[in-house]
>>> print(open('model.pdb').read())   # PDB, C-alpha atoms
MODEL        1
ATOM      1  CA  MET H   1      -1.899 -29.340  16.420
ATOM      2  CA  ASP H   2      -4.355 -30.388  13.725
ATOM      3  CA  LEU H   3      -4.305 -29.299  10.073
ATOM      4  CA  THR H   4      -7.452 -29.663   7.981
ATOM      5  CA  VAL H   5      -7.018 -29.112   4.253
ATOM      6  CA  LEU H   6     -10.014 -27.115   3.046
ATOM      7  CA  GLY H   7      -8.712 -26.701  -0.510
ATOM      8  CA  LYS H   8      -5.618 -27.883  -2.345
ATOM      9  CA  TYR H   9      -5.799 -26.629  -5.934
ATOM     10  CA  GLY H  10      -4.318 -23.705  -7.820
ATOM     11  CA  PRO H  11      -4.418 -21.430  -9.646
ATOM     12  CA  PHE H  12      -7.969 -22.685 -10.287
ATOM     13  CA  PRO H  13      -9.885 -25.594  -8.745
ATOM     14  CA  ALA H  14     -10.394 -29.029 -10.198
ATOM     15  CA  PRO H  15     -14.046 -30.116 -10.590
ATOM     16  CA  LEU H  16     -15.671 -30.232  -7.130
ATOM     17  CA  GLY H  17     -12.422 -29.023  -5.588
ATOM     18  CA  ALA H  18     -11.370 -25.811  -3.901
ATOM     19  CA  CYS H  19      -8.367 -23.533  -4.031
ATOM     20  CA  SER H  20      -5.930 -22.914  -1.188
ATOM     21  CA  GLY H  21      -7.257 -22.929   2.364
ATOM     22  CA  TYR H  22      -6.001 -24.539   5.567
ATOM     23  CA  LEU H  23      -7.507 -24.738   9.047
ATOM     24  CA  PHE H  24      -5.033 -25.012  11.927
ATOM     25  CA  GLU H  25      -6.408 -26.006  15.322
ATOM     26  CA  SER H  26      -4.846 -26.381  18.738
ATOM     27  CA  ALA H  27      -6.568 -27.177  22.010
ATOM     28  CA  LYS H  28      -7.641 -23.548  22.431
ATOM     29  CA  THR H  29      -7.215 -21.713  19.118
ATOM     30  CA  ALA H  30      -8.264 -22.010  15.474
ATOM     31  CA  ILE H  31      -6.804 -20.006  12.600
ATOM     32  CA  VAL H  32      -7.294 -20.153   8.847
ATOM     33  CA  VAL H  33      -4.454 -19.710   6.382
ATOM     34  CA  ASP H  34      -5.621 -18.524   2.951
ATOM     35  CA  MET H  35      -9.210 -18.288   1.761
ATOM     36  CA  GLY H  36      -9.312 -19.278  -1.901
ATOM     37  CA  SER H  37     -12.305 -20.142  -4.052
ATOM     38  CA  GLY H  38     -14.583 -22.668  -2.345
ATOM     39  CA  VAL H  39     -12.856 -22.558   1.033
ATOM     40  CA  PHE H  40     -15.400 -20.637   3.105
ATOM     41  CA  SER H  41     -18.242 -23.130   2.648
ATOM     42  CA  ARG H  42     -15.930 -25.961   3.641
ATOM     43  CA  LEU H  43     -14.784 -24.044   6.690
ATOM     44  CA  LEU H  44     -18.409 -23.698   7.779
ATOM     45  CA  ALA H  45     -18.831 -27.452   7.347
ATOM     46  CA  VAL H  46     -16.193 -28.144  10.004
ATOM     47  CA  ARG H  47     -16.649 -25.055  12.206
ATOM     48  CA  PRO H  48     -20.285 -24.028  11.685
ATOM     49  CA  LYS H  49     -20.120 -21.323  14.356
ATOM     50  CA  PHE H  50     -17.154 -19.779  12.539
ATOM     51  CA  ASP H  51     -15.315 -19.638  15.845
ATOM     52  CA  ILE H  52     -11.851 -18.819  14.573
ATOM     53  CA  SER H  53      -9.369 -16.336  16.013
ATOM     54  CA  ALA H  54      -7.709 -14.999  12.855
ATOM     55  CA  ILE H  55      -7.124 -15.401   9.141
ATOM     56  CA  VAL H  56      -3.634 -15.161   7.677
ATOM     57  CA  LEU H  57      -3.349 -14.523   3.935
ATOM     58  CA  SER H  58      -0.106 -15.479   2.249
ATOM     59  CA  HIS H  59      -0.800 -13.185  -0.697
ATOM     60  CA  LEU H  60      -3.592 -11.522  -2.599
ATOM     61  CA  HIS H  61      -3.934 -13.636  -5.723
ATOM     62  CA  SER H  62      -7.538 -14.741  -6.148
ATOM     63  CA  ASP H  63      -6.896 -18.452  -5.648
ATOM     64  CA  HIS H  64      -5.715 -17.600  -2.129
ATOM     65  CA  MET H  65      -8.167 -14.887  -1.068
ATOM     66  CA  SER H  66     -11.297 -14.694  -3.244
ATOM     67  CA  ASP H  67     -13.637 -16.106  -0.588
ATOM     68  CA  MET H  68     -12.703 -13.189   1.664
ATOM     69  CA  LEU H  69     -15.144 -11.144  -0.395
ATOM     70  CA  VAL H  70     -18.168 -13.281   0.488
ATOM     71  CA  LEU H  71     -16.862 -13.773   4.011
ATOM     72  CA  ARG H  72     -17.622 -10.102   4.645
ATOM     73  CA  TYR H  73     -21.318 -10.683   3.957
ATOM     74  CA  ALA H  74     -21.374 -13.680   6.271
ATOM     75  CA  LEU H  75     -19.710 -11.798   9.111
ATOM     76  CA  ASN H  76     -22.185  -8.970   8.796
ATOM     77  CA  GLN H  77     -25.276 -11.160   8.707
ATOM     78  CA  LEU H  78     -24.162 -13.732  11.268
ATOM     79  CA  SER H  79     -23.217 -11.027  13.740
ATOM     80  CA  ASN H  80     -26.565  -9.282  13.187
ATOM     81  CA  ALA H  81     -28.301 -12.586  13.884
ATOM     82  CA  GLY H  82     -26.612 -12.755  17.277
ATOM     83  CA  ASP H  83     -24.641 -15.875  16.470
ATOM     84  CA  GLY H  84     -21.746 -14.928  18.721
ATOM     85  CA  VAL H  85     -19.242 -14.138  15.990
ATOM     86  CA  LYS H  86     -16.465 -12.089  17.551
ATOM     87  CA  LEU H  87     -15.798  -8.921  15.579
ATOM     88  CA  PRO H  88     -13.693  -7.484  14.194
ATOM     89  CA  LEU H  89     -11.901 -10.578  12.932
ATOM     90  CA  THR H  90      -8.137 -10.155  12.660
ATOM     91  CA  VAL H  91      -6.752 -10.629   9.139
ATOM     92  CA  VAL H  92      -2.981 -10.564   8.660
ATOM     93  CA  THR H  93      -2.289  -9.843   4.998
ATOM     94  CA  PRO H  94       0.193  -8.254   2.619
ATOM     95  CA  GLY H  95      -0.698  -4.647   1.856
ATOM     96  CA  ASP H  96      -0.269  -4.963  -1.885
ATOM     97  CA  PRO H  97      -1.385  -4.988  -4.628
ATOM     98  CA  GLN H  98      -3.159  -1.955  -3.263
ATOM     99  CA  GLN H  99      -6.341  -2.470  -5.296
ATOM    100  CA  GLU H 100      -6.722  -5.997  -3.916
ATOM    101  CA  PHE H 101      -5.961  -4.886  -0.366
ATOM    102  CA  ALA H 102      -8.624  -2.191  -0.684
ATOM    103  CA  ARG H 103     -11.232  -4.823  -1.593
ATOM    104  CA  LEU H 104     -10.748  -6.427   1.813
ATOM    105  CA  SER H 105     -11.849  -3.298   3.635
ATOM    106  CA  ALA H 106     -14.799  -4.005   5.933
ATOM    107  CA  PRO H 107     -14.739  -1.601   8.892
ATOM    108  CA  GLY H 108     -16.134  -3.156  12.027
ATOM    109  CA  LEU H 109     -15.973  -6.626  10.504
ATOM    110  CA  LEU H 110     -12.308  -7.123   9.629
ATOM    111  CA  ASP H 111      -9.232  -5.752  11.377
ATOM    112  CA  LEU H 112      -6.592  -5.696   8.631
ATOM    113  CA  VAL H 113      -3.015  -6.040   9.879
ATOM    114  CA  THR H 114      -0.341  -5.406   7.247
ATOM    115  CA  ALA H 115       2.318  -8.114   7.146
ATOM    116  CA  TRP H 116       6.052  -7.665   6.571
ATOM    117  CA  ASP H 117       9.050  -9.904   5.918
ATOM    118  CA  GLY H 118      10.270 -11.401   9.186
ATOM    119  CA  MET H 119       7.065 -10.552  11.051
ATOM    120  CA  ARG H 120       6.503 -12.787  14.077
ATOM    121  CA  PHE H 121       3.203 -12.715  15.932
ATOM    122  CA  THR H 122       0.989 -14.800  18.168
ATOM    123  CA  VAL H 123      -2.671 -15.744  17.866
ATOM    124  CA  GLY H 124      -3.800 -17.620  20.948
ATOM    125  CA  ASP H 125      -1.334 -20.455  21.343
ATOM    126  CA  PHE H 126      -0.031 -20.201  17.761
ATOM    127  CA  THR H 127       3.185 -18.395  16.887
ATOM    128  CA  ILE H 128       3.572 -17.473  13.222
ATOM    129  CA  THR H 129       6.683 -16.214  11.440
ATOM    130  CA  LEU H 130       6.605 -14.831   7.887
ATOM    131  CA  ARG H 131       9.311 -15.087   5.241
ATOM    132  CA  LEU H 132       9.208 -13.489   1.793
ATOM    133  CA  ALA H 133       8.707 -15.999  -1.024
ATOM    134  CA  ILE H 134       9.477 -15.798  -4.751
ATOM    135  CA  HIS H 135       6.296 -14.736  -6.535
ATOM    136  CA  PRO H 136       5.192 -11.844  -8.798
ATOM    137  CA  ILE H 137       3.425 -10.073  -5.918
ATOM    138  CA  THR H 138       4.325  -9.862  -2.244
ATOM    139  CA  THR H 139       3.900 -13.374  -0.857
ATOM    140  CA  TYR H 140       4.868 -14.866   2.474
ATOM    141  CA  ALA H 141       5.822 -18.379   3.435
ATOM    142  CA  MET H 142       4.876 -19.138   7.032
ATOM    143  CA  LYS H 143       6.286 -21.019   9.988
ATOM    144  CA  ILE H 144       3.351 -22.010  12.180
ATOM    145  CA  GLN H 145       4.169 -23.298  15.659
ATOM    146  CA  SER H 146       1.969 -24.611  18.448
ATOM    147  CA  GLU H 147       2.013 -27.352  21.068
ATOM    148  CA  GLY H 148       5.663 -28.121  20.372
ATOM    149  CA  LYS H 149       5.127 -28.742  16.648
ATOM    150  CA  THR H 150       6.217 -26.757  13.584
ATOM    151  CA  VAL H 151       4.563 -26.561  10.170
ATOM    152  CA  VAL H 152       6.137 -24.578   7.335
ATOM    153  CA  TYR H 153       3.812 -23.523   4.520
ATOM    154  CA  THR H 154       5.568 -22.313   1.387
ATOM    155  CA  SER H 155       2.509 -20.706  -0.183
ATOM    156  CA  ASP H 156       3.301 -19.903  -3.827
ATOM    157  CA  SER H 157       7.011 -19.674  -4.486
ATOM    158  CA  GLY H 158       9.609 -20.714  -6.951
ATOM    159  CA  TYR H 159      12.333 -23.001  -5.670
ATOM    160  CA  THR H 160      14.904 -21.244  -3.498
ATOM    161  CA  PRO H 161      17.421 -22.570  -0.954
ATOM    162  CA  ALA H 162      16.148 -19.858   1.396
ATOM    163  CA  LEU H 163      12.909 -21.813   1.851
ATOM    164  CA  SER H 164      14.835 -24.989   2.613
ATOM    165  CA  GLU H 165      16.694 -23.063   5.295
ATOM    166  CA  PHE H 166      13.464 -21.555   6.638
ATOM    167  CA  ALA H 167      11.913 -25.029   6.919
ATOM    168  CA  GLN H 168      14.888 -26.748   8.565
ATOM    169  CA  ASN H 169      13.827 -29.689  10.739
ATOM    170  CA  ALA H 170      10.122 -28.808  10.633
ATOM    171  CA  ASP H 171       7.649 -31.496  11.590
ATOM    172  CA  LEU H 172       5.730 -30.858   8.380
ATOM    173  CA  LEU H 173       6.398 -29.021   5.130
ATOM    174  CA  LEU H 174       3.198 -27.995   3.336
ATOM    175  CA  CYS H 175       4.706 -27.244  -0.052
ATOM    176  CA  ASN H 176       3.300 -26.019  -3.348
ATOM    177  CA  ALA H 177       3.797 -28.592  -6.083
ATOM    178  CA  CYS H 178       1.874 -26.912  -8.838
ATOM    179  CA  TYR H 179       3.480 -28.446 -11.903
ATOM    180  CA  LEU H 180       5.407 -31.466 -13.118
ATOM    181  CA  GLU H 181       8.921 -31.201 -14.488
ATOM    182  CA  ARG H 182       7.772 -32.423 -17.885
ATOM    183  CA  ASN H 183       4.989 -29.832 -18.026
ATOM    184  CA  LYS H 184       6.759 -26.719 -16.816
ATOM    185  CA  ARG H 185       4.900 -23.546 -17.671
ATOM    186  CA  GLY H 186       6.104 -20.012 -18.179
ATOM    187  CA  ASP H 187       5.358 -19.109 -14.560
ATOM    188  CA  VAL H 188       7.371 -22.009 -13.157
ATOM    189  CA  ALA H 189       9.810 -19.522 -11.629
ATOM    190  CA  TYR H 190       6.976 -18.554  -9.276
ATOM    191  CA  HIS H 191       5.706 -22.055  -8.410
ATOM    192  CA  MET H 192       7.517 -25.279  -7.628
ATOM    193  CA  THR H 193       7.282 -28.509  -9.525
ATOM    194  CA  ALA H 194       6.589 -31.674  -7.571
ATOM    195  CA  GLY H 195      10.257 -32.542  -7.911
ATOM    196  CA  GLU H 196      11.287 -29.206  -6.437
ATOM    197  CA  ALA H 197       8.876 -29.728  -3.549
ATOM    198  CA  GLY H 198      10.594 -33.016  -2.825
ATOM    199  CA  ARG H 199      13.997 -31.390  -3.125
ATOM    200  CA  THR H 200      13.014 -28.662  -0.676
ATOM    201  CA  ALA H 201      11.795 -31.261   1.830
ATOM    202  CA  ARG H 202      15.003 -33.254   1.522
ATOM    203  CA  GLU H 203      17.239 -30.216   1.902
ATOM    204  CA  ALA H 204      15.219 -29.002   4.886
ATOM    205  CA  ASN H 205      15.379 -32.388   6.619
ATOM    206  CA  VAL H 206      11.680 -32.201   7.469
ATOM    207  CA  LYS H 207       9.840 -35.101   9.060
ATOM    208  CA  ASN H 208       6.952 -35.085   6.586
ATOM    209  CA  LEU H 209       6.052 -33.516   3.240
ATOM    210  CA  LEU H 210       2.541 -32.742   2.054
ATOM    211  CA  CYS H 211       2.342 -31.559  -1.553
ATOM    212  CA  THR H 212      -0.397 -29.011  -2.183
ATOM    213  CA  HIS H 213      -1.461 -26.262  -4.626
ATOM    214  CA  ILE H 214      -1.924 -28.993  -7.215
ATOM    215  CA  TRP H 215      -2.672 -27.772 -10.725
ATOM    216  CA  GLY H 216      -6.437 -27.832 -11.291
ATOM    217  CA  GLY H 217      -6.043 -28.966 -14.887
ATOM    218  CA  GLY H 218      -5.943 -32.655 -14.151
ATOM    219  CA  TYR H 219      -2.737 -33.963 -12.573
ATOM    220  CA  THR H 220      -3.302 -37.155 -10.616
ATOM    221  CA  ASP H 221      -1.904 -37.706  -7.147
ATOM    222  CA  GLU H 222       0.129 -40.560  -8.576
ATOM    223  CA  GLN H 223       1.802 -38.265 -11.103
ATOM    224  CA  VAL H 224       2.723 -35.766  -8.403
ATOM    225  CA  LEU H 225       4.003 -38.460  -6.051
ATOM    226  CA  SER H 226       6.055 -40.214  -8.705
ATOM    227  CA  GLU H 227       8.051 -37.020  -9.150
ATOM    228  CA  ALA H 228       8.207 -35.749  -5.560
ATOM    229  CA  SER H 229       9.167 -39.121  -4.094
ATOM    230  CA  VAL H 230      12.349 -39.298  -6.171
ATOM    231  CA  GLU H 231      13.720 -36.543  -3.944
ATOM    232  CA  TYR H 232      11.713 -37.319  -0.806
ATOM    233  CA  PRO H 233      10.366 -40.887  -0.571
ATOM    234  CA  ARG H 234       7.865 -40.123   2.220
ATOM    235  CA  ALA H 235       6.047 -37.479   0.164
ATOM    236  CA  GLN H 236       2.259 -37.360   0.242
ATOM    237  CA  VAL H 237      -0.334 -35.351  -1.666
ATOM    238  CA  VAL H 238      -2.860 -33.618   0.577
ATOM    239  CA  GLN H 239      -6.453 -34.800   0.545
ATOM    240  CA  GLU H 240      -9.186 -32.205   0.767
ATOM    241  CA  MET H 241     -11.242 -32.209   3.984
ATOM    242  CA  LYS H 242      -8.770 -34.554   5.642
ATOM    243  CA  THR H 243      -7.351 -33.654   9.049
ATOM    244  CA  TYR H 244      -3.673 -34.312   9.687
ATOM    245  CA  ARG H 245      -2.660 -34.566  13.334
ATOM    246  CA  LEU H 246       0.864 -33.592  14.295
TER     247      LEU H 246
ENDMDL
END
>>> encode(input="model.pdb", output="C-alpha coordinates")
Amino acid sequence: MDLTVLGKYGPFPAPLGACSGYLFESAKTAIVVDMGSGVFSRLLAVRPKFDISAIVLSHLHSDHMSDMLVLRYALNQLSNAGDGVKLPLTVVTPGDPQQEFARLSAPGLLDLVTAWDGMRFTVGDFTITLRLAIHPITTYAMKIQSEGKTVVYTSDSGYTPALSEFAQNADLLLCNACYLERNKRGDVAYHMTAGEAGRTAREANVKNLLCTHIWGGGYTDEQVLSEASVEYPRAQVVQEMKTYRL
(Lines of atoms letter the chains of each structure in order from A and count residues from 1; the text may use other names and numbers.)
(Lines give C-alpha, C1' and ligand atoms only; values in the text may rest on other atoms or scores of the structure.)
Protein backbone atom coordinates (compact mmCIF):
# COMPACT_ATOMS: atom_id res chain seq x y z
CA MET A 1 0.00 0.00 0.00
CA ASP A 2 1.25 3.47 -0.89
CA LEU A 3 0.13 6.75 0.70
CA THR A 4 0.76 10.02 -1.13
CA VAL A 5 0.15 13.17 0.89
CA LEU A 6 -1.58 15.66 -1.40
CA GLY A 7 -2.13 18.27 1.32
CA LYS A 8 -1.24 18.48 4.99
CA TYR A 9 -2.50 21.81 6.34
CA GLY A 10 -5.56 22.94 8.26
CA PRO A 11 -7.83 24.69 8.80
CA PHE A 12 -6.26 26.81 6.03
CA PRO A 13 -3.19 26.19 3.88
CA ALA A 14 0.27 27.60 4.36
CA PRO A 15 1.68 29.55 1.38
CA LEU A 16 1.96 27.18 -1.61
CA GLY A 17 0.48 24.39 0.49
CA ALA A 18 -2.80 22.52 0.40
CA CYS A 19 -5.34 21.37 2.94
CA SER A 20 -6.16 17.76 3.78
CA GLY A 21 -6.00 15.18 1.01
CA TYR A 22 -4.49 11.70 0.82
CA LEU A 23 -4.13 9.26 -2.06
CA PHE A 24 -4.06 5.57 -1.13
CA GLU A 25 -2.92 3.11 -3.80
CA SER A 26 -2.67 -0.65 -3.91
CA ALA A 27 -1.70 -2.83 -6.84
CA LYS A 28 -5.21 -2.60 -8.29
CA THR A 29 -7.10 0.23 -6.57
CA ALA A 30 -6.74 3.94 -5.85
CA ILE A 31 -8.88 5.93 -3.43
CA VAL A 32 -8.72 9.50 -2.17
CA VAL A 33 -9.43 10.44 1.43
CA ASP A 34 -10.53 14.07 1.83
CA MET A 35 -10.45 16.75 -0.85
CA GLY A 36 -9.48 20.03 0.79
CA SER A 37 -8.37 23.27 -0.84
CA GLY A 38 -5.63 22.67 -3.42
CA VAL A 39 -5.88 18.89 -3.41
CA PHE A 40 -7.55 18.24 -6.76
CA SER A 41 -4.81 19.83 -8.88
CA ARG A 42 -2.19 17.81 -7.03
CA LEU A 43 -4.18 14.64 -7.54
CA LEU A 44 -4.20 15.30 -11.28
CA ALA A 45 -0.42 15.75 -11.15
CA VAL A 46 0.05 12.17 -9.94
CA ARG A 47 -2.97 10.51 -11.59
CA PRO A 48 -3.67 12.64 -14.68
CA LYS A 49 -6.36 10.27 -15.95
CA PHE A 50 -8.18 10.62 -12.63
CA ASP A 51 -8.46 6.85 -12.49
CA ILE A 52 -9.60 6.46 -8.90
CA SER A 53 -12.28 4.15 -7.55
CA ALA A 54 -13.79 6.28 -4.76
CA ILE A 55 -13.46 9.32 -2.54
CA VAL A 56 -14.02 9.08 1.20
CA LEU A 57 -14.71 12.31 3.08
CA SER A 58 -14.06 12.34 6.80
CA HIS A 59 -16.30 15.36 7.31
CA LEU A 60 -17.72 18.36 5.55
CA HIS A 61 -15.61 21.24 6.82
CA SER A 62 -14.19 23.19 3.90
CA ASP A 63 -10.54 22.33 4.55
CA HIS A 64 -11.48 18.69 3.95
CA MET A 65 -13.95 18.93 1.07
CA SER A 66 -13.88 22.28 -0.76
CA ASP A 67 -12.24 20.91 -3.91
CA MET A 68 -15.22 18.57 -4.33
CA LEU A 69 -17.05 21.58 -5.75
CA VAL A 70 -14.64 22.07 -8.66
CA LEU A 71 -14.25 18.32 -9.04
CA ARG A 72 -17.83 18.22 -10.31
CA TYR A 73 -16.92 20.47 -13.24
CA ALA A 74 -13.92 18.32 -14.08
CA LEU A 75 -15.92 15.10 -14.03
CA ASN A 76 -18.52 16.59 -16.32
CA GLN A 77 -16.06 17.98 -18.85
CA LEU A 78 -13.58 15.10 -18.80
CA SER A 79 -16.34 12.56 -19.29
CA ASN A 80 -17.79 14.61 -22.16
CA ALA A 81 -14.33 14.65 -23.75
CA GLY A 82 -14.29 10.86 -23.75
CA ASP A 83 -11.37 10.59 -21.38
CA GLY A 84 -12.56 7.32 -19.89
CA VAL A 85 -13.59 8.67 -16.50
CA LYS A 86 -15.87 6.10 -14.90
CA LEU A 87 -19.09 7.67 -13.69
CA PRO A 88 -20.72 8.02 -11.31
CA LEU A 89 -17.81 8.24 -8.90
CA THR A 90 -18.57 6.81 -5.46
CA VAL A 91 -18.25 9.32 -2.61
CA VAL A 92 -18.66 8.06 0.96
CA THR A 93 -19.46 11.05 3.16
CA PRO A 94 -21.28 12.12 6.30
CA GLY A 95 -24.80 13.32 5.55
CA ASP A 96 -24.55 16.46 7.64
CA PRO A 97 -24.44 19.41 7.88
CA GLN A 98 -27.29 19.09 5.43
CA GLN A 99 -26.51 22.31 3.56
CA GLU A 100 -22.95 21.13 2.89
CA PHE A 101 -24.10 17.66 1.88
CA ALA A 102 -26.55 19.22 -0.57
CA ARG A 103 -23.70 21.11 -2.26
CA LEU A 104 -22.12 17.80 -3.23
CA SER A 105 -25.13 16.77 -5.28
CA ALA A 106 -24.15 16.01 -8.88
CA PRO A 107 -26.53 13.42 -10.35
CA GLY A 108 -24.83 11.19 -12.87
CA LEU A 109 -21.40 12.36 -11.76
CA LEU A 110 -21.24 11.49 -8.06
CA ASP A 111 -22.87 8.60 -6.22
CA LEU A 112 -23.18 9.87 -2.65
CA VAL A 113 -23.15 7.14 0.00
CA THR A 114 -24.04 8.32 3.51
CA ALA A 115 -21.58 7.13 6.15
CA TRP A 116 -22.37 5.99 9.69
CA ASP A 117 -20.41 5.15 12.84
CA GLY A 118 -19.01 1.63 12.58
CA MET A 119 -19.55 1.43 8.82
CA ARG A 120 -17.26 -1.10 7.15
CA PHE A 121 -17.02 -1.28 3.38
CA THR A 122 -14.73 -2.36 0.58
CA VAL A 123 -13.46 -0.48 -2.47
CA GLY A 124 -11.47 -2.79 -4.70
CA ASP A 125 -8.87 -4.35 -2.45
CA PHE A 126 -9.26 -1.72 0.30
CA THR A 127 -11.35 -2.32 3.40
CA ILE A 128 -12.33 0.82 5.32
CA THR A 129 -13.88 1.06 8.78
CA LEU A 130 -15.27 4.32 10.19
CA ARG A 131 -15.28 5.46 13.81
CA LEU A 132 -16.88 8.64 15.13
CA ALA A 133 -14.36 11.30 16.16
CA ILE A 134 -14.65 14.29 18.50
CA HIS A 135 -15.44 17.35 16.38
CA PRO A 136 -18.23 19.96 16.17
CA ILE A 137 -19.82 18.24 13.16
CA THR A 138 -20.08 14.56 12.29
CA THR A 139 -16.54 13.39 11.58
CA TYR A 140 -15.12 9.93 11.08
CA ALA A 141 -11.70 8.52 11.79
CA MET A 142 -10.83 5.71 9.39
CA LYS A 143 -9.07 2.37 9.48
CA ILE A 144 -7.80 1.69 5.96
CA GLN A 145 -6.57 -1.83 5.24
CA SER A 146 -5.04 -3.38 2.14
CA GLU A 147 -2.30 -5.84 1.23
CA GLY A 148 -1.87 -6.87 4.85
CA LYS A 149 -1.22 -3.33 6.10
CA THR A 150 -3.32 -1.01 8.28
CA VAL A 151 -3.39 2.79 8.32
CA VAL A 152 -5.52 4.69 10.83
CA TYR A 153 -6.39 8.28 9.94
CA THR A 154 -7.77 10.33 12.81
CA SER A 155 -9.11 13.16 10.65
CA ASP A 156 -10.00 16.09 12.93
CA SER A 157 -10.57 15.03 16.51
CA GLY A 158 -9.78 16.03 20.01
CA TYR A 159 -7.74 13.59 22.05
CA THR A 160 -9.71 10.56 23.22
CA PRO A 161 -8.59 7.11 24.42
CA ALA A 162 -11.16 5.67 22.01
CA LEU A 163 -8.92 6.65 19.09
CA SER A 164 -5.93 5.00 20.72
CA GLU A 165 -7.99 1.84 21.01
CA PHE A 166 -9.20 2.13 17.41
CA ALA A 167 -5.60 2.46 16.19
CA GLN A 168 -4.14 -0.40 18.25
CA ASN A 169 -1.10 -1.97 16.57
CA ALA A 170 -1.65 -0.19 13.25
CA ASP A 171 1.26 -0.03 10.84
CA LEU A 172 0.77 3.72 10.52
CA LEU A 173 -1.14 6.39 12.42
CA LEU A 174 -1.89 9.46 10.30
CA CYS A 175 -2.79 11.84 13.09
CA ASN A 176 -3.91 15.45 13.22
CA ALA A 177 -1.41 17.59 15.10
CA CYS A 178 -2.93 20.97 14.49
CA TYR A 179 -1.56 22.93 17.42
CA LEU A 180 1.26 23.05 19.93
CA GLU A 181 0.67 22.71 23.65
CA ARG A 182 1.97 26.22 24.26
CA ASN A 183 -0.36 27.68 21.63
CA LYS A 184 -3.61 25.92 22.40
CA ARG A 185 -6.61 27.62 20.87
CA GLY A 186 -10.24 27.66 21.87
CA ASP A 187 -11.05 24.79 19.51
CA VAL A 188 -8.33 22.53 20.91
CA ALA A 189 -11.02 20.16 22.19
CA TYR A 190 -11.71 19.36 18.53
CA HIS A 191 -8.11 19.04 17.30
CA MET A 192 -5.05 17.42 18.83
CA THR A 193 -1.83 19.11 19.74
CA ALA A 194 1.40 17.56 18.51
CA GLY A 195 1.93 16.19 22.00
CA GLU A 196 -1.47 14.53 21.98
CA ALA A 197 -0.72 13.01 18.58
CA GLY A 198 2.41 11.48 20.06
CA ARG A 199 0.48 10.28 23.09
CA THR A 200 -2.13 8.63 20.89
CA ALA A 201 0.59 6.84 18.89
CA ARG A 202 2.28 5.62 22.05
CA GLU A 203 -0.94 4.38 23.62
CA ALA A 204 -1.95 2.66 20.38
CA ASN A 205 1.42 0.92 20.03
CA VAL A 206 1.57 1.82 16.34
CA LYS A 207 4.63 1.13 14.23
CA ASN A 208 4.86 4.63 12.77
CA LEU A 209 3.36 8.08 13.34
CA LEU A 210 2.89 10.73 10.68
CA CYS A 211 1.71 14.09 12.02
CA THR A 212 -0.59 15.96 9.66
CA HIS A 213 -3.25 18.72 9.58
CA ILE A 214 -0.50 21.14 10.56
CA TRP A 215 -1.68 24.66 11.36
CA GLY A 216 -1.28 26.85 8.27
CA GLY A 217 -0.21 29.84 10.33
CA GLY A 218 3.46 29.02 10.40
CA TYR A 219 4.48 26.13 12.65
CA THR A 220 7.73 24.52 11.53
CA ASP A 221 8.17 20.78 11.27
CA GLU A 222 10.82 21.05 13.96
CA GLN A 223 8.37 22.63 16.39
CA VAL A 224 5.82 19.89 15.79
CA LEU A 225 8.40 17.13 16.09
CA SER A 226 9.95 18.52 19.26
CA GLU A 227 6.58 18.13 20.97
CA ALA A 228 5.33 14.90 19.39
CA SER A 229 8.61 13.05 19.87
CA VAL A 230 8.49 13.47 23.64
CA GLU A 231 5.63 10.96 23.64
CA TYR A 232 6.61 9.03 20.51
CA PRO A 233 10.28 9.30 19.50
CA ARG A 234 9.77 7.95 15.96
CA ALA A 235 7.28 10.69 15.04
CA GLN A 236 7.51 12.32 11.63
CA VAL A 237 5.72 15.26 10.01
CA VAL A 238 4.24 14.44 6.61
CA GLN A 239 5.74 16.04 3.53
CA GLU A 240 3.40 17.15 0.78
CA MET A 241 3.61 15.20 -2.49
CA LYS A 242 5.74 12.53 -0.84
CA THR A 243 4.74 8.88 -1.18
CA TYR A 244 5.07 6.64 1.86
CA ARG A 245 5.25 2.92 1.14
CA LEU A 246 3.97 0.52 3.77
>>> atom_distance(input="model.pdb", atom1="atom CA of Lys207 of chain H", atom2="atom CA of Gly195 of chain H")
17.2 Å
>>> resolve_selection(input="model.pdb", expression="the PyMOL selection byres ((chain H and resi 132-136) around 9)", output="list of chain:residue names")
H:Trp116, H:Asp117, H:Gly118, H:Leu130, H:Arg131, H:Ile137, H:Thr138, H:Thr139, H:Tyr140, H:Ala141, H:Met142, H:Thr154, H:Ser155, H:Asp156, H:Ser157, H:Gly158, H:Tyr159, H:Thr160, H:Ala162, H:Leu163, H:Ala189, H:Tyr190, H:His191
>>> residues_around(input="model.pdb", residues="Arg103 of chain H", least_positions_apart="4", cutoff="9 Å", atoms="only C-alpha atoms", output="list of chain:residue names")
H:Leu69, H:Gln98, H:Gln99
>>> closest_residue(input="model.pdb", among="H:Val56, H:Ala170, H:Leu16, H:Leu71", to="Ala115 of chain H", atoms="only C-alpha atoms")
H:Val56
>>> residues_around(input="model.pdb", residues="Ala30 of chain H", least_positions_apart="5", cutoff="7 Å", atoms="only C-alpha atoms", output="list in words")
Phe24, Glu25, Ile52 and Ser53 of chain H
>>> atom_distance(input="model.pdb", atom1="atom CA of His59 of chain H", atom2="atom CA of Thr127 of chain H")
18.8 Å
